[in-house]
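Have a look at start_16.cif; it's mmCIF, C-alpha atoms:
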```
data_model
#
loop_
_atom_site.label_atom_id
_atom_site.label_comp_id
_atom_site.auth_asym_id
_atom_site.auth_seq_id
_atom_site.Cartn_x
_atom_site.Cartn_y
_atom_site.Cartn_z
CA MET A 1 -64.35 84.02 179.92
CA THR A 2 -67.79 82.99 181.08
CA ASP A 3 -71.02 84.60 179.98
CA MET A 4 -71.18 86.38 183.34
CA ALA A 5 -68.08 88.37 182.44
CA HIS A 6 -69.91 89.90 179.47
CA LYS A 7 -72.93 91.07 181.45
CA SER A 8 -73.37 94.62 182.56
CA GLY A 9 -76.16 96.33 184.42
CA PRO A 10 -78.47 94.98 187.14
CA GLY A 11 -77.77 91.29 186.51
CA ALA A 12 -73.98 91.53 186.17
CA GLY A 13 -72.16 88.81 188.06
CA LEU A 14 -75.26 86.77 188.83
CA PRO A 15 -75.60 83.22 187.51
CA ASP A 16 -78.16 82.72 184.75
CA GLY A 17 -81.68 82.83 186.17
CA ALA A 18 -80.63 84.38 189.50
CA LEU A 19 -81.79 87.86 188.51
CA ASN A 20 -85.15 86.48 187.44
CA MET A 21 -85.52 84.73 190.80
CA ALA A 22 -84.42 87.87 192.68
CA LEU A 23 -86.97 89.95 190.79
CA ASN A 24 -89.67 87.27 190.78
CA ARG A 25 -93.01 88.97 190.56
CA HIS A 26 -94.91 86.01 189.11
CA ILE A 27 -98.32 85.25 190.58
CA LEU A 28 -100.13 81.91 190.36
CA VAL A 29 -103.94 82.09 190.53
CA VAL A 30 -105.70 79.04 191.99
CA GLU A 31 -109.46 79.41 191.60
CA ASP A 32 -111.99 76.88 190.32
CA GLU A 33 -114.49 79.46 189.03
CA PHE A 34 -113.30 80.59 185.59
CA LEU A 35 -114.76 84.11 185.68
CA ILE A 36 -113.31 84.85 189.12
CA ALA A 37 -109.91 83.52 188.00
CA GLN A 38 -109.99 85.76 184.93
CA GLY A 39 -110.94 88.78 187.03
CA LEU A 40 -108.02 88.12 189.40
CA CYS A 41 -105.65 87.77 186.44
CA MET A 42 -106.79 91.13 185.06
CA GLN A 43 -106.30 92.81 188.45
CA ILE A 44 -102.78 91.37 188.73
CA GLU A 45 -101.84 92.46 185.22
CA ASP A 46 -103.23 95.94 185.91
CA MET A 47 -100.68 96.11 188.75
CA GLY A 48 -97.89 95.50 186.24
CA LEU A 49 -97.26 91.98 187.52
CA SER A 50 -97.41 88.76 185.54
CA VAL A 51 -99.63 85.74 186.00
CA CYS A 52 -97.64 82.57 185.42
CA GLY A 53 -100.72 80.36 185.30
CA THR A 54 -104.15 79.49 186.61
CA ALA A 55 -105.26 76.25 188.24
CA ALA A 56 -108.65 74.88 189.25
CA SER A 57 -107.46 71.93 191.36
CA ALA A 58 -104.86 71.38 194.08
CA ASP A 59 -102.81 68.95 191.99
CA GLU A 60 -102.75 71.34 189.03
CA ALA A 61 -101.72 74.19 191.36
CA VAL A 62 -98.80 72.22 192.80
CA ALA A 63 -97.59 71.22 189.33
CA LEU A 64 -97.72 74.81 188.06
CA ALA A 65 -96.01 76.10 191.20
CA GLU A 66 -93.17 73.62 190.76
CA GLU A 67 -92.82 74.60 187.10
CA PHE A 68 -92.95 78.40 187.48
CA ARG A 69 -91.89 78.94 191.14
CA PRO A 70 -94.17 81.97 191.69
CA ALA A 71 -93.42 84.53 194.37
CA VAL A 72 -97.08 84.61 195.40
CA VAL A 73 -100.03 82.25 195.04
CA LEU A 74 -103.62 83.49 195.24
CA MET A 75 -105.41 80.47 196.68
CA ASP A 76 -109.14 79.83 196.80
CA MET A 77 -110.22 77.45 199.57
CA ARG A 78 -112.69 75.35 197.60
CA LEU A 79 -111.17 73.71 194.54
CA GLN A 80 -112.09 71.00 192.04
CA GLY A 81 -111.29 67.51 193.27
CA GLU A 82 -110.89 66.08 196.75
CA LYS A 83 -108.14 68.41 197.97
CA ASP A 84 -108.79 71.98 199.09
CA GLY A 85 -106.74 75.16 199.01
CA VAL A 86 -104.95 74.38 202.27
CA ASP A 87 -103.81 71.01 200.95
CA ALA A 88 -102.40 72.75 197.86
CA ALA A 89 -100.88 75.64 199.85
CA LEU A 90 -99.07 73.37 202.31
CA ASP A 91 -97.63 71.34 199.43
CA ILE A 92 -96.58 74.46 197.49
CA HIS A 93 -95.06 76.07 200.57
CA TYR A 94 -93.05 72.92 201.30
CA ARG A 95 -91.89 72.33 197.70
CA VAL A 96 -91.48 75.90 196.40
CA GLY A 97 -91.69 78.33 199.31
CA SER A 98 -94.15 80.68 197.62
CA LYS A 99 -96.14 83.05 199.81
CA VAL A 100 -99.85 82.24 199.81
CA ILE A 101 -102.74 84.69 199.95
CA PHE A 102 -105.98 82.84 200.66
CA ILE A 103 -109.20 84.04 199.09
CA THR A 104 -112.35 82.62 200.60
CA GLY A 105 -116.04 83.27 200.88
CA SER A 106 -116.25 81.55 204.26
CA ARG A 107 -115.59 83.01 207.68
CA GLU A 108 -116.41 79.74 209.45
CA PRO A 109 -114.07 79.02 212.38
CA ALA A 110 -113.18 75.60 210.97
CA THR A 111 -112.18 77.14 207.63
CA MET A 112 -110.14 79.86 209.31
CA ALA A 113 -108.38 77.34 211.58
CA ARG A 114 -107.50 75.23 208.54
CA ILE A 115 -106.13 78.28 206.67
CA GLN A 116 -103.90 79.15 209.64
CA LEU A 117 -102.11 75.78 209.26
CA ASP A 118 -100.19 77.33 206.36
CA HIS A 119 -99.20 80.66 207.97
CA PRO A 120 -100.78 82.67 205.13
CA ALA A 121 -99.35 85.95 203.88
CA ALA A 122 -102.95 87.24 203.96
CA VAL A 123 -106.57 86.11 204.02
CA LEU A 124 -109.03 88.00 201.84
CA PHE A 125 -112.80 87.52 201.96
CA LYS A 126 -114.90 87.49 198.79
CA PRO A 127 -115.84 89.77 197.21
CA ILE A 128 -112.44 91.47 197.27
CA SER A 129 -111.70 94.96 196.03
CA ASP A 130 -108.81 95.95 193.80
CA GLY A 131 -107.32 97.87 196.73
CA GLN A 132 -107.44 94.87 199.08
CA LEU A 133 -105.82 92.62 196.50
CA ASN A 134 -103.17 95.17 195.55
CA LEU A 135 -102.20 95.79 199.18
CA ALA A 136 -102.00 92.06 200.01
CA ILE A 137 -99.85 91.29 196.95
CA LEU A 138 -97.50 94.24 197.51
CA LYS A 139 -97.08 93.28 201.15
CA ALA A 140 -96.36 89.64 200.21
CA LEU A 141 -93.76 90.82 197.69
CA ASN A 142 -92.24 93.17 200.30
CA LEU A 143 -92.80 96.17 198.02
#
```
Rewrite the structure of this file - the entire thing - as structure tokens.
Amino acid sequence: MTDMAHKSGPGAGLPDGALNMALNRHILVVEDEFLIAQGLCMQIEDMGLSVCGTAASADEAVALAEEFRPAVVLMDMRLQGEKDGVDAALDIHYRVGSKVIFITGSREPATMARIQLDHPAAVLFKPISDGQLNLAILKALNL
């Protein structure tokens, strides 16, 4: 008998890890300002969701996304290094398929056009309220 035969309950009959993927509620926070990143993490945890990591650069964000395969990525536009949030989001979407919620302080047409390249789950403008963030994340998770 395989291990699957011994399982009972919600994960019965699913291969190892499949239930975790089906119930994936992990959020990756990509924000180069430490205090803002920490505030976002607290808001996410207050929702009963888990933060799988934080990144300050596009390359770090892609690496964490590949490692943890988050359901949703909160993506700031301006990041440390040469790449911006759209560069990271396009790479993450291609490699992992995570939904991306952009968080930006800019409403410039060029910034908005660049964000639309990734077909974002949502775009939130700083400063964001708990309610705005909660609604965007729940919608992205289809909850």
*Grab the CA of Gly53 in chain A to CA of Val72 in chain A distance for me, in Å with one decimal place.*
11.5 Å
*asked:* Need to verify the contact set: Arg114 in chain A, 12 Å, all atoms listed in the file, exclusion of same-chain residues closer than 4 positions in sequence. Can you return it as a PyMOL selection string?
replied: chain A and resi 77+84-87+89-90+102+104+106-110+118-120+123
Grab the residues selected above and save them as a compact mmCIF listing (two decimals), in the coordinates of the input with C-alpha atoms.
```
# COMPACT_ATOMS: atom_id res chain seq x y z
CA MET A 77 -110.22 77.45 199.57
CA ASP A 84 -108.79 71.98 199.09
CA GLY A 85 -106.74 75.16 199.01
CA VAL A 86 -104.95 74.38 202.27
CA ASP A 87 -103.81 71.01 200.95
CA ALA A 89 -100.88 75.64 199.85
CA LEU A 90 -99.07 73.37 202.31
CA PHE A 102 -105.98 82.84 200.66
CA THR A 104 -112.35 82.62 200.60
CA SER A 106 -116.25 81.55 204.26
CA ARG A 107 -115.59 83.01 207.68
CA GLU A 108 -116.41 79.74 209.45
CA PRO A 109 -114.07 79.02 212.38
CA ALA A 110 -113.18 75.60 210.97
CA ASP A 118 -100.19 77.33 206.36
CA HIS A 119 -99.20 80.66 207.97
CA PRO A 120 -100.78 82.67 205.13
CA VAL A 123 -106.57 86.11 204.02
```
Would you compute the box with edges along x, y and z of the file around range 51-65 of chain A, including every atom the file lists for it and 6 Å extra on each side, and give its centre and edge lengths in Å to one decimal, as JSON?
```
{"center_x": -102.3, "center_y": 77.3, "center_z": 189.7, "size_x": 24.6, "size_y": 28.8, "size_z": 20.8}
```
*So which residues get picked by the PyMOL selection byres ((chain A and resi 26-38) around 7) here, written as a PyMOL selection string?*
chain A and resi 24-25+39-42+49-57+61+70-76+79-80
_Between CA of Ile115 in chain A and CA of Leu141 in chain A - distance in Å to one decimal_ =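 Between CA of Leu141 in chain A and CA of Ile115 in chain A the gap works out to 19.8 Å.
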*Calculate how many Å separate CA of Ile44 in chain A from CA of Asp59 in chain A, rounding to one decimal.*
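It comes out at 22.7 Å.
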_Taking all atoms listed in the file into account, name the residue in A:Gln116, A:Ile92, A:Ile101, A:Glu66 that is nearest to Gln132 in chain A._
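Checking each candidate against Gln132 in chain A, we get A:Ile101 as the closest.
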*Name the closest residue to Phe68 in chain A among the candidates A:Val96, A:Ala122, A:Gly81, A:Gln43; distances are taken between atoms, counting all atoms listed in the file.*
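Nearest candidate to Phe68 in chain A out of A:Val96, A:Ala122, A:Gly81, A:Gln43: A:Val96.
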